[in-house]
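Engineer: I have a structure I would like to understand better, so I am pasting it below and will then ask my questions one at a time.
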Amino acid sequence: MLNFSSLCFLQRSLLALCFILCCSTSQSASTNATTGLSYPIKSIRLIVPFPAGGGVDAVARLFATKLSERINQQILIDNRGGSGGIIAAEIAARAAPDGYTLFFGGSASHGITPNLYRKLPYDPVLDFLPTSFIGEVPYFLVIHPTIPAQSVRELIALAQSRPGQLNYASAGNGSTLHLAGELFKSKAGIQIVHVPYKGGAPALTDLLGGIVQMAFNPPTLTLPYVKAGRLKVLGVTSAKRVEFAPDVPTMNESGVAGYRATGWYGLLGPKQLKPMINQLLHTRSQQILSDKEFKDRFSALGGITMASSSIEFSNFIKSELAQWAQVVRDSSARVD
């Protein structure tokens, strides 16, 4: 039988063992087994440069859910819409480089917007550290069924025979869809007239009504009307054909050499983000891009996952900035 002293000693031993186990569990929960980093130990803010409820927000939330599962911390979406992504990008660029504020950047904030404004409160290259390319949403070149063209080549020939008589709709001046049309004009050597609308819905309405002849639109907005015979799709703007519409040729295949215009997304951090944190986030992001559920749900939103290294992503951003700079100069594009 244990005496009182023995019981006290046993009790103290058990308490000490519990303390050691608790410390060990806490340490393992906050330290990454691969890197030894005590990150993340709290929730992470992901700044999204568009309002809640839109296409970009849907992709960001899908990605954030998967990232949260892999790092065992909550990802809080912070929607900061307005000014083509300028407001959100500035906040992200000025954030502490501790990995707890990240940016869901893309073609607007790191491609088009920097070329439309003379002065920006952030530098898309110098103020950010590209972490991981996530994916892109290509566009379809669609025309009204009354237009006598069955391919991009035939449309180009028609436009060349009627300079300035065909027009294309977009969601507004300075939008990706506007500049996709300007890039088409430049590379195809044709004269078509841009008709800007205040949003994609009125532009689509007039396209369906035949008031405008063509447009570059996202697949999810286009395919239902193509299947119904109310629009004709001639080409896709990505570098490769898309799985959900394999019969649609790329613009490049259709004779418009070097054409690529997509809405794309990527994960970025402030420039001074610690390399080991950046590498951890990159690794987890690449795992997400291989996740079948993520790929299927992203595809349902019209997207294509794009795995790459951080360096490849950085080089892609620079190439996008250069391409749209040329398009903006050639077209004298402006924002509303």
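Lettering and numbering for the structure tokens are positional, with chains as A, B, ... in the shown order, residues counted from 1 in each chain, and ligands counted from 1 in the shown order.
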Which residues come within 8 Å of Arg153 (chain A), counting only C-alpha atoms, excluding same-chain residues fewer than 3 positions away, as a ChimeraX atom specification?

Structural biologist: /A:156-157,254-255

Engineer: Lys185 (chain A): which residues within 10 Å, counting only C-alpha atoms, same-chain residues fewer than 5 positions away excluded, as a ChimeraX atom specification?

Structural biologist: /A:156,159,179-180,190-193,256,327,331

Engineer: Go ahead and write the selection's residues with C-alpha atoms as a short mmCIF file (atom, residue, chain, number, x, y, z; two decimals), in the first residue's frame.

Structural biologist:
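part_29.cif was written with the following content:
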```
data_model
loop_
_atom_site.label_atom_id
_atom_site.label_comp_id
_atom_site.auth_asym_id
_atom_site.auth_seq_id
_atom_site.Cartn_x
_atom_site.Cartn_y
_atom_site.Cartn_z
CA ILE A 156 -10.29 38.19 -89.84
CA ALA A 159 -12.97 42.37 -90.89
CA LEU A 179 -7.66 44.76 -74.00
CA ALA A 180 -8.17 41.19 -75.23
CA ILE A 190 -7.66 44.45 -88.47
CA GLN A 191 -9.78 47.49 -87.65
CA ILE A 192 -12.74 46.69 -85.41
CA VAL A 193 -14.50 49.18 -83.13
CA VAL A 256 -3.20 34.84 -84.61
CA VAL A 327 -1.26 47.00 -76.04
CA SER A 331 -4.49 51.39 -78.50
#
```

Engineer: So that I can check the secondary structure, give me every residue of region 124-284 of chain A assigned helix (DSSP H, G or I) by backbone DSSP, as a ChimeraX atom specification.

Structural biologist: /A:152-161,176-188,200-208,219-227,275-284

Engineer: Residues at most 9 Å from region 242-252 of chain A, counting only C-alpha atoms, excluding those fewer than 2 positions away in the same chain, as a VMD selection string?

Structural biologist: chain A and resid 138 140 to 141 152 184 233 to 240 254 to 260 299 to 300 302 to 304

Engineer: Keeping C-alpha atoms, export the residues of the selection given above as a PDB file, in the first residue's frame.

Structural biologist:
```pdb
ATOM      1  CA  PRO A 138      -9.386  31.846 -70.648  1.00  0.00           C
ATOM      2  CA  PHE A 140     -13.873  32.660 -75.811  1.00  0.00           C
ATOM      3  CA  LEU A 141     -14.042  34.792 -78.924  1.00  0.00           C
ATOM      4  CA  VAL A 152     -11.194  33.031 -86.615  1.00  0.00           C
ATOM      5  CA  PHE A 184      -6.646  40.761 -81.328  1.00  0.00           C
ATOM      6  CA  VAL A 233     -17.574  30.405 -80.473  1.00  0.00           C
ATOM      7  CA  LEU A 234     -14.565  30.658 -82.791  1.00  0.00           C
ATOM      8  CA  GLY A 235     -11.514  30.483 -80.554  1.00  0.00           C
ATOM      9  CA  VAL A 236     -10.132  30.312 -77.027  1.00  0.00           C
ATOM     10  CA  THR A 237      -7.552  32.800 -75.762  1.00  0.00           C
ATOM     11  CA  SER A 238      -5.369  30.426 -73.708  1.00  0.00           C
ATOM     12  CA  ALA A 239      -2.060  28.983 -74.905  1.00  0.00           C
ATOM     13  CA  LYS A 240      -3.595  25.488 -75.078  1.00  0.00           C
ATOM     14  CA  SER A 254      -6.289  29.959 -85.779  1.00  0.00           C
ATOM     15  CA  GLY A 255      -3.598  32.150 -87.307  1.00  0.00           C
ATOM     16  CA  VAL A 256      -3.197  34.842 -84.609  1.00  0.00           C
ATOM     17  CA  ALA A 257       0.414  34.059 -83.724  1.00  0.00           C
ATOM     18  CA  GLY A 258       1.491  34.531 -80.117  1.00  0.00           C
ATOM     19  CA  TYR A 259      -1.980  35.438 -78.877  1.00  0.00           C
ATOM     20  CA  ARG A 260      -2.733  34.876 -75.191  1.00  0.00           C
ATOM     21  CA  SER A 299     -12.775  23.875 -63.985  1.00  0.00           C
ATOM     22  CA  ALA A 300     -16.480  24.359 -63.248  1.00  0.00           C
ATOM     23  CA  GLY A 302     -13.974  28.033 -66.258  1.00  0.00           C
ATOM     24  CA  GLY A 303     -10.451  27.803 -64.879  1.00  0.00           C
ATOM     25  CA  ILE A 304      -7.278  25.879 -65.615  1.00  0.00           C
TER      26      ILE A 304
END
```

Engineer: Any chance you could tabulate, as JSON lines, the residues of region 44-109 of chain A at most 10 Å from region 270-286 of chain A with each one's nearest atom pair and distance in Å to one decimal, using only C-alpha atoms, in chain and rising number order?

Structural biologist:
```
{"residue": "A:Phe63", "atom": "CA", "partner": "A:Ser285", "partner_atom": "CA", "distance": 8.5}
{"residue": "A:Ala64", "atom": "CA", "partner": "A:Ser285", "partner_atom": "CA", "distance": 9.9}
{"residue": "A:Lys66", "atom": "CA", "partner": "A:Ser285", "partner_atom": "CA", "distance": 8.7}
{"residue": "A:Leu67", "atom": "CA", "partner": "A:Arg284", "partner_atom": "CA", "distance": 6.8}
{"residue": "A:Ser68", "atom": "CA", "partner": "A:Arg284", "partner_atom": "CA", "distance": 9.7}
{"residue": "A:Glu69", "atom": "CA", "partner": "A:Arg284", "partner_atom": "CA", "distance": 9.7}
{"residue": "A:Arg70", "atom": "CA", "partner": "A:Arg284", "partner_atom": "CA", "distance": 6.5}
{"residue": "A:Ile71", "atom": "CA", "partner": "A:Arg284", "partner_atom": "CA", "distance": 7.7}
{"residue": "A:Ala89", "atom": "CA", "partner": "A:Pro270", "partner_atom": "CA", "distance": 9.9}
{"residue": "A:Ile91", "atom": "CA", "partner": "A:Pro270", "partner_atom": "CA", "distance": 9.8}
{"residue": "A:Ala92", "atom": "CA", "partner": "A:Pro270", "partner_atom": "CA", "distance": 6.6}
{"residue": "A:Ala93", "atom": "CA", "partner": "A:Pro270", "partner_atom": "CA", "distance": 5.2}
{"residue": "A:Arg94", "atom": "CA", "partner": "A:Pro270", "partner_atom": "CA", "distance": 7.1}
{"residue": "A:Ala95", "atom": "CA", "partner": "A:Pro270", "partner_atom": "CA", "distance": 6.5}
{"residue": "A:Ala96", "atom": "CA", "partner": "A:Pro270", "partner_atom": "CA", "distance": 7.2}
{"residue": "A:Pro97", "atom": "CA", "partner": "A:Leu273", "partner_atom": "CA", "distance": 4.4}
{"residue": "A:Asp98", "atom": "CA", "partner": "A:Leu273", "partner_atom": "CA", "distance": 6.1}
{"residue": "A:Gly99", "atom": "CA", "partner": "A:Leu273", "partner_atom": "CA", "distance": 6.5}
{"residue": "A:Tyr100", "atom": "CA", "partner": "A:Leu273", "partner_atom": "CA", "distance": 9.9}
{"residue": "A:Thr101", "atom": "CA", "partner": "A:Pro270", "partner_atom": "CA", "distance": 8.1}
{"residue": "A:Leu102", "atom": "CA", "partner": "A:Pro270", "partner_atom": "CA", "distance": 7.4}
{"residue": "A:Phe103", "atom": "CA", "partner": "A:Pro270", "partner_atom": "CA", "distance": 8.3}
```

Engineer: Restricting the output to N, CA and C atoms, write the selected residues as a CSV table (one decimal), in the first residue's frame.

Structural biologist:
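Heads up, here's the output in part20.csv:
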```csv
chain,number,residue,atom,x,y,z
A,63,PHE,N,-9.7,28.4,-53.1
A,63,PHE,CA,-8.3,28.2,-52.8
A,63,PHE,C,-8.0,28.3,-51.3
A,64,ALA,N,-8.6,29.3,-50.7
A,64,ALA,CA,-8.4,29.5,-49.3
A,64,ALA,C,-8.8,28.4,-48.4
A,66,LYS,N,-8.9,25.2,-49.3
A,66,LYS,CA,-7.9,24.1,-49.4
A,66,LYS,C,-6.6,24.4,-48.7
A,67,LEU,N,-6.1,25.7,-48.8
A,67,LEU,CA,-4.9,26.1,-48.1
A,67,LEU,C,-5.1,25.9,-46.6
A,68,SER,N,-6.2,26.3,-46.1
A,68,SER,CA,-6.5,26.2,-44.7
A,68,SER,C,-6.4,24.8,-44.2
A,69,GLU,N,-6.8,23.9,-45.0
A,69,GLU,CA,-6.8,22.4,-44.6
A,69,GLU,C,-5.3,22.0,-44.5
A,70,ARG,N,-4.4,22.5,-45.3
A,70,ARG,CA,-3.1,22.1,-45.4
A,70,ARG,C,-2.1,22.7,-44.4
A,71,ILE,N,-2.5,23.9,-43.9
A,71,ILE,CA,-1.6,24.5,-42.9
A,71,ILE,C,-2.3,24.6,-41.5
A,89,ALA,N,-4.0,46.0,-53.5
A,89,ALA,CA,-2.6,45.8,-53.8
A,89,ALA,C,-1.7,46.6,-52.9
A,91,ILE,N,-2.5,47.8,-49.9
A,91,ILE,CA,-2.6,47.3,-48.5
A,91,ILE,C,-1.7,46.1,-48.3
A,92,ALA,N,-1.7,45.2,-49.3
A,92,ALA,CA,-0.9,44.0,-49.3
A,92,ALA,C,0.6,44.3,-49.4
A,93,ALA,N,0.9,45.2,-50.2
A,93,ALA,CA,2.3,45.6,-50.4
A,93,ALA,C,2.9,46.2,-49.1
A,94,ARG,N,2.1,46.9,-48.3
A,94,ARG,CA,2.6,47.6,-47.1
A,94,ARG,C,2.4,46.7,-45.9
A,95,ALA,N,1.9,45.5,-46.0
A,95,ALA,CA,1.7,44.7,-44.8
A,95,ALA,C,3.0,44.1,-44.3
A,96,ALA,N,3.0,43.8,-43.0
A,96,ALA,CA,4.2,43.2,-42.4
A,96,ALA,C,4.6,41.9,-43.1
A,97,PRO,N,5.8,41.6,-43.4
A,97,PRO,CA,6.2,40.4,-44.2
A,97,PRO,C,6.4,39.2,-43.3
A,98,ASP,N,5.3,38.9,-42.5
A,98,ASP,CA,5.4,37.8,-41.5
A,98,ASP,C,4.6,36.6,-42.0
A,99,GLY,N,4.0,36.7,-43.2
A,99,GLY,CA,3.2,35.6,-43.7
A,99,GLY,C,1.8,35.6,-43.2
A,100,TYR,N,1.3,36.6,-42.5
A,100,TYR,CA,0.0,36.6,-42.0
A,100,TYR,C,-0.9,37.5,-42.8
A,101,THR,N,-0.4,38.2,-43.8
A,101,THR,CA,-1.2,38.9,-44.8
A,101,THR,C,-0.6,38.5,-46.1
A,102,LEU,N,-1.5,37.9,-47.0
A,102,LEU,CA,-1.1,37.5,-48.3
A,102,LEU,C,-2.1,38.1,-49.3
A,103,PHE,N,-1.7,38.1,-50.6
A,103,PHE,CA,-2.5,38.8,-51.6
A,103,PHE,C,-2.9,37.8,-52.7
```

Engineer: If I take CA of Leu208 (chain A) and CA of Ser151 (chain A), how far is one from the other in Å, to one decimal?

Structural biologist: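 These two atoms are separated by 18.7 Å.
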
Engineer: What are the closest atom pairs, with distances in Å to one decimal, for each residue of region 243-295 of chain A lying within 10 Å of region 40-47 of chain A, using only C-alpha atoms, rows by chain and rising residue number, as a tab-separated table?

Structural biologist:
```
residue	atom	partner	partner_atom	distance
A:Leu267	CA	A:Leu46	CA	9.0
A:Leu268	CA	A:Leu46	CA	9.7
A:Gly269	CA	A:Leu46	CA	9.7
A:Ile277	CA	A:Pro40	CA	9.0
```

Engineer: Print the selection's residues with N, CA and C atoms to a file, as a PDB file, in the first residue's frame.

Structural biologist:
```pdb
ATOM      1  N   LEU A 267      -0.842  33.620 -55.827  1.00  0.00           N
ATOM      2  CA  LEU A 267      -0.635  33.967 -54.423  1.00  0.00           C
ATOM      3  C   LEU A 267       0.672  34.740 -54.302  1.00  0.00           C
ATOM      4  N   LEU A 268       0.616  35.916 -53.661  1.00  0.00           N
ATOM      5  CA  LEU A 268       1.804  36.747 -53.482  1.00  0.00           C
ATOM      6  C   LEU A 268       1.887  37.221 -52.043  1.00  0.00           C
ATOM      7  N   GLY A 269       3.101  37.537 -51.622  1.00  0.00           N
ATOM      8  CA  GLY A 269       3.322  38.114 -50.307  1.00  0.00           C
ATOM      9  C   GLY A 269       4.101  39.405 -50.424  1.00  0.00           C
ATOM     10  N   ILE A 277       9.101  30.787 -45.287  1.00  0.00           N
ATOM     11  CA  ILE A 277       7.643  30.879 -45.263  1.00  0.00           C
ATOM     12  C   ILE A 277       7.100  30.847 -46.679  1.00  0.00           C
TER      13      ILE A 277
END
```

Engineer: Could you check which of A:Thr220, A:Thr131, A:Ser314, A:Thr176 is closest to Ala333 (chain A), using only C-alpha atoms?

Structural biologist: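 Smallest separation from Ala333 (chain A) among the options: A:Thr176.
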
Engineer: Write out as a PyMOL selection string all residues of region 119-230 of chain A that DSSP puts in strand (DSSP E or B) for this structure's backbone.

Structural biologist: chain A and resi 128-138+140-143+167-170+193-196+214-217

Engineer: Could you check the closest approach to Gly85 (chain A) for each of A:Leu289, A:Leu120, A:Val125, A:Val142 and tell me which residue wins, using only C-alpha atoms?

Structural biologist: A:Leu120

Engineer: Write out as a list in words the residues lying within 7 Å of Leu116 (chain A), counting only C-alpha atoms and excluding same-chain residues fewer than 4 positions away.

Structural biologist: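 Those residues are Ile112, Arg334 and Val335 of chain A.
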